[in-house]
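> So that we are looking at the same thing, I have put the structure below in structure tokens.
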Amino acid sequence: MRATRPLPTLIAVSLATFMTYLDNNIVNVAIPAIQRDLHLTTTGLEWVASGYILVFAGLLLAGGRLGDLFGRRRLFLLGLGVFTAASLAAGLAGSVGVLIGARAVQGLGAALVTPTTLALISSTFTDPKERTRAIGLWSAVGALALALGPLLGGLISEHLSWGWIFFINVPVGVVTMALAAWAIGDDERRRVSLDLPGLVLSATTLFALTYALIEGHDRGWTSTPIMTCFAIAALALVAFVAVETRVAEPMVDVRLFTDRVFTGGIVAIVMWGFGLFGIYFFTSLYLQDVLGFSPTEAGAAFVPMALLMAVGAIVSERVAKAMGAHRAVGLAMALMAAGIGSVSLLGSDASYLAIMPSFALIGIGGGLSVPLTDLVVSAMPVEQAGVASGIFNAAREVAGLLGITVIGAVLTARQTSALHAGHTPLDAFLSGYRAGLIVAAVLVAAGGVAAFVGLRSTRRDEVPPLRDELVLAG
């Protein structure tokens, strides 16, 4: 059996994480250029971002289970191939339909790759201290992608065709596949079922909810199509919970959420993703459309935030060990909430330097919240790491999806109201932008409270394992 090479494996999974994070992030700054070239409405723009996240989040749980079923190495390579090919198609897209379709296929590839990254780290680095360092590096690489994404997106959209924001994935994907094929050893496949009803119901819930949130401000929140979608989402969610409590091998054992550490961590990461993804998407519009930044200047504005996030991720282990995980993560999310809230106070004449203190708070807080990842992953047995990683990443990506759609809905509703009141389009957008960020700040603060309460019984260097009856079937 082929042996795994730990350091090259960590490099390969970090490169894959870098690529998927970069792709999700690099698009945001290029949104205005895509809008101009393809003549997109605001709804179309949201679907360019949400189409990727929708498929990504909806299939992450299945990706984790498929990794257990067919082997994580095989699924990792397959997902990278799908993602790379879809990136090429997205770059060549000449219409909004083709672009959204390619983004959806990118989401499929990312859903196959992402659960296996944390699972491979968990199975490769069995020593708790080594695993913690590996997860810290993995998180720092993700933060680096957040730093480079807006800058690269700005440079490419300003000086090249926006298609190059997708073409850049192709060489990275090819190199990562070659490295992974050499470094990652064969892993044991487990005899598990896919839980197809659970997959269909979870995907139905996400799709119906997202469609309603994106289209609600255009069709009307009380219109028949939107109310029908909300009803479908609610019924599918209830059915999903009912199915998962009855099948022999569920994708998600709902009893897992009776564990305070697990539930507190998941709630916190949902709120973390809500605030971070939402602010990246709409702040890129604010910087360019309100403050008049060029795409490159807008991208550069995000770099200090993301670099501080990377630094925070690296030092988060020491901070959490000194303060306790619950205090460290609670404080981190409070800093994020304060940063997001202070951004909402900026006006239409804010300077680059005026933005930096707020962005610094968001970056430091985002990085120091990394112990959430280690706590959730460490609580899972190694043989369940694929599905556990899928749940964790699904929660984060669903939060990103909701961050974009909910903040977009709040922004549009307040913007429409301001326009009807006679405000200029610029002032109306700024009013909606502020309202959306205030909602995001409140939710991130609530996530900090959930982390403080849920993690307060744990020490950073001694995470209690979940009880046997609360593990995920896989």
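Scheme for the structure tokens: letters A, B, ... for chains in order shown; per-chain residue numbers from 1; ligand numbers from 1 in order shown.
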Neighbours of segment 207-220 of chain A within 8 Å (only C-alpha atoms; same-chain residues fewer than 6 positions away dropped), as a list in words?
Thr43, Glu46, Trp47, Leu54, Gly58, Ile226, Met227, Cys229, Phe230, Ile232, Ala233, Leu401, Leu402, Thr405, Val406, Gly408, Ala409, Thr412 and Ala413 of chain A
> Could you name the residues that touch Leu335 of chain A at 6 Å or less, counting only C-alpha atoms, but leaving out those on the same chain fewer than 2 positions away, as a compact mmCIF listing (two decimals) with all heavy atoms, in the first residue's frame?

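Generated file (selection.txt):
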```
# COMPACT_ATOMS: atom_id res chain seq x y z
N ALA A 332 -12.45 36.96 19.81
CA ALA A 332 -12.16 37.11 18.38
C ALA A 332 -13.40 37.55 17.62
O ALA A 332 -13.34 38.45 16.78
CB ALA A 332 -11.64 35.78 17.83
N MET A 333 -14.53 36.92 17.92
CA MET A 333 -15.74 37.27 17.19
C MET A 333 -16.29 38.63 17.63
O MET A 333 -16.93 39.33 16.83
CB MET A 333 -16.77 36.16 17.35
CG MET A 333 -16.28 34.85 16.73
SD MET A 333 -17.53 33.60 16.50
CE MET A 333 -18.56 34.34 15.26
N ALA A 337 -17.12 41.60 15.04
CA ALA A 337 -18.38 42.34 15.05
C ALA A 337 -18.13 43.84 15.16
O ALA A 337 -18.78 44.65 14.49
CB ALA A 337 -19.26 41.85 16.21
N ALA A 338 -17.17 44.22 16.01
CA ALA A 338 -16.85 45.65 16.16
C ALA A 338 -16.31 46.21 14.85
O ALA A 338 -16.65 47.34 14.45
CB ALA A 338 -15.83 45.83 17.28
N LEU A 361 -9.51 45.13 12.67
CA LEU A 361 -10.29 44.41 13.68
C LEU A 361 -10.90 43.13 13.11
O LEU A 361 -10.87 42.08 13.75
CB LEU A 361 -11.39 45.32 14.23
CG LEU A 361 -10.97 46.46 15.15
CD1 LEU A 361 -12.18 47.33 15.49
CD2 LEU A 361 -10.34 45.91 16.42
N GLY A 365 -9.65 39.42 14.39
CA GLY A 365 -10.69 38.57 14.96
C GLY A 365 -10.90 37.31 14.15
O GLY A 365 -11.06 36.22 14.71
```
> Under the rule that only C-alpha atoms are counted, which of A:Ile135, A:Ala445, A:Ala231, A:Ala203 is the nearest residue to Val267 of chain A?
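Answer, going by the shortest atom-to-atom distance: A:Ala445.
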> Please identify all polymer residues within 9 Å of Val319 of chain A, counting only C-alpha atoms, omitting same-chain residues fewer than 4 positions from it, and present them as a PyMOL selection string.
chain A and resi 315+323-325+328+368
> Taking N, CA and C atoms for each residue, export the selection above as a PDB file, in the first residue's frame.

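The result, stored in selection-v6.pdb:
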```pdb
ATOM      1  N   VAL A 315      -0.942  32.552  15.427  1.00  0.00           N
ATOM      2  CA  VAL A 315      -0.756  32.725  16.875  1.00  0.00           C
ATOM      3  C   VAL A 315      -1.971  32.289  17.675  1.00  0.00           C
ATOM      4  N   MET A 323      -5.721  31.790  27.197  1.00  0.00           N
ATOM      5  CA  MET A 323      -6.986  32.358  27.657  1.00  0.00           C
ATOM      6  C   MET A 323      -8.079  31.321  27.859  1.00  0.00           C
ATOM      7  N   GLY A 324      -7.936  30.174  27.218  1.00  0.00           N
ATOM      8  CA  GLY A 324      -9.044  29.238  27.141  1.00  0.00           C
ATOM      9  C   GLY A 324      -9.764  29.441  25.821  1.00  0.00           C
ATOM     10  N   ALA A 325     -10.174  28.333  25.189  1.00  0.00           N
ATOM     11  CA  ALA A 325     -10.767  28.420  23.855  1.00  0.00           C
ATOM     12  C   ALA A 325     -12.013  29.286  23.839  1.00  0.00           C
ATOM     13  N   ALA A 328     -11.034  32.990  24.024  1.00  0.00           N
ATOM     14  CA  ALA A 328     -10.310  33.427  22.831  1.00  0.00           C
ATOM     15  C   ALA A 328     -11.245  33.584  21.637  1.00  0.00           C
ATOM     16  N   LEU A 368      -7.938  34.862  14.900  1.00  0.00           N
ATOM     17  CA  LEU A 368      -7.925  34.296  16.248  1.00  0.00           C
ATOM     18  C   LEU A 368      -9.060  33.308  16.486  1.00  0.00           C
TER      19      LEU A 368
END
```
> In terms of the shortest atom-to-atom distance over only C-alpha atoms, which of A:Leu120, A:Leu194, A:Asp289, A:Trp164 is closest to Arg74 of chain A?
A:Leu120
> Go through A:Ser369, A:Asn169, A:Gln288, A:Thr132 and flag the residue nearest Ala33 of chain A, using only C-alpha atoms for the distances.
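Of all the options, A:Gln288 lies closest to Ala33 of chain A.
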> Could you give me, as a list of chain:residue names, the residues within 9 Å of Leu155 of chain A, counting only C-alpha atoms and dropping anything in the same chain fewer than 2 positions from it?
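Once the nearby chain positions are removed, what remains is A:Pro150, A:Leu151, A:Leu152, A:Gly153, A:Ser157, A:Glu158, A:His159, A:Leu160, A:Pro295, A:Thr296, A:Glu297, A:Gly299.
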> How close does each residue of segment 100-123 of chain A get to segment 85-96 of chain A, giving the shortest atom pair and distance in Å to one decimal for every residue with an atom at most 6 Å away, counting only C-alpha atoms, sorted by chain and residue number, as JSON lines?

```
{"residue": "A:Ala102", "atom": "CA", "partner": "A:Ala90", "partner_atom": "CA", "distance": 5.1}
{"residue": "A:Val105", "atom": "CA", "partner": "A:Ala86", "partner_atom": "CA", "distance": 5.9}
{"residue": "A:Gln106", "atom": "CA", "partner": "A:Ala86", "partner_atom": "CA", "distance": 5.3}
```
> What's the separation between atom CA of Trp272 of chain A and atom CA of Thr17 of chain A, in Å to one decimal place?
17.8 Å
> Determine the nearest neighbour of Val48 of chain A from the options A:Val241, A:Ile404, A:Ile184, A:Leu426, counting only C-alpha atoms.
A:Ile404
> Hey, which of A:Leu285, A:Ala104, A:Ala248, A:Ile121 ends up closest to Gln35 of chain A? Count only C-alpha atoms.
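Ranking A:Leu285, A:Ala104, A:Ala248, A:Ile121 by distance to Gln35 of chain A, first place goes to A:Leu285.
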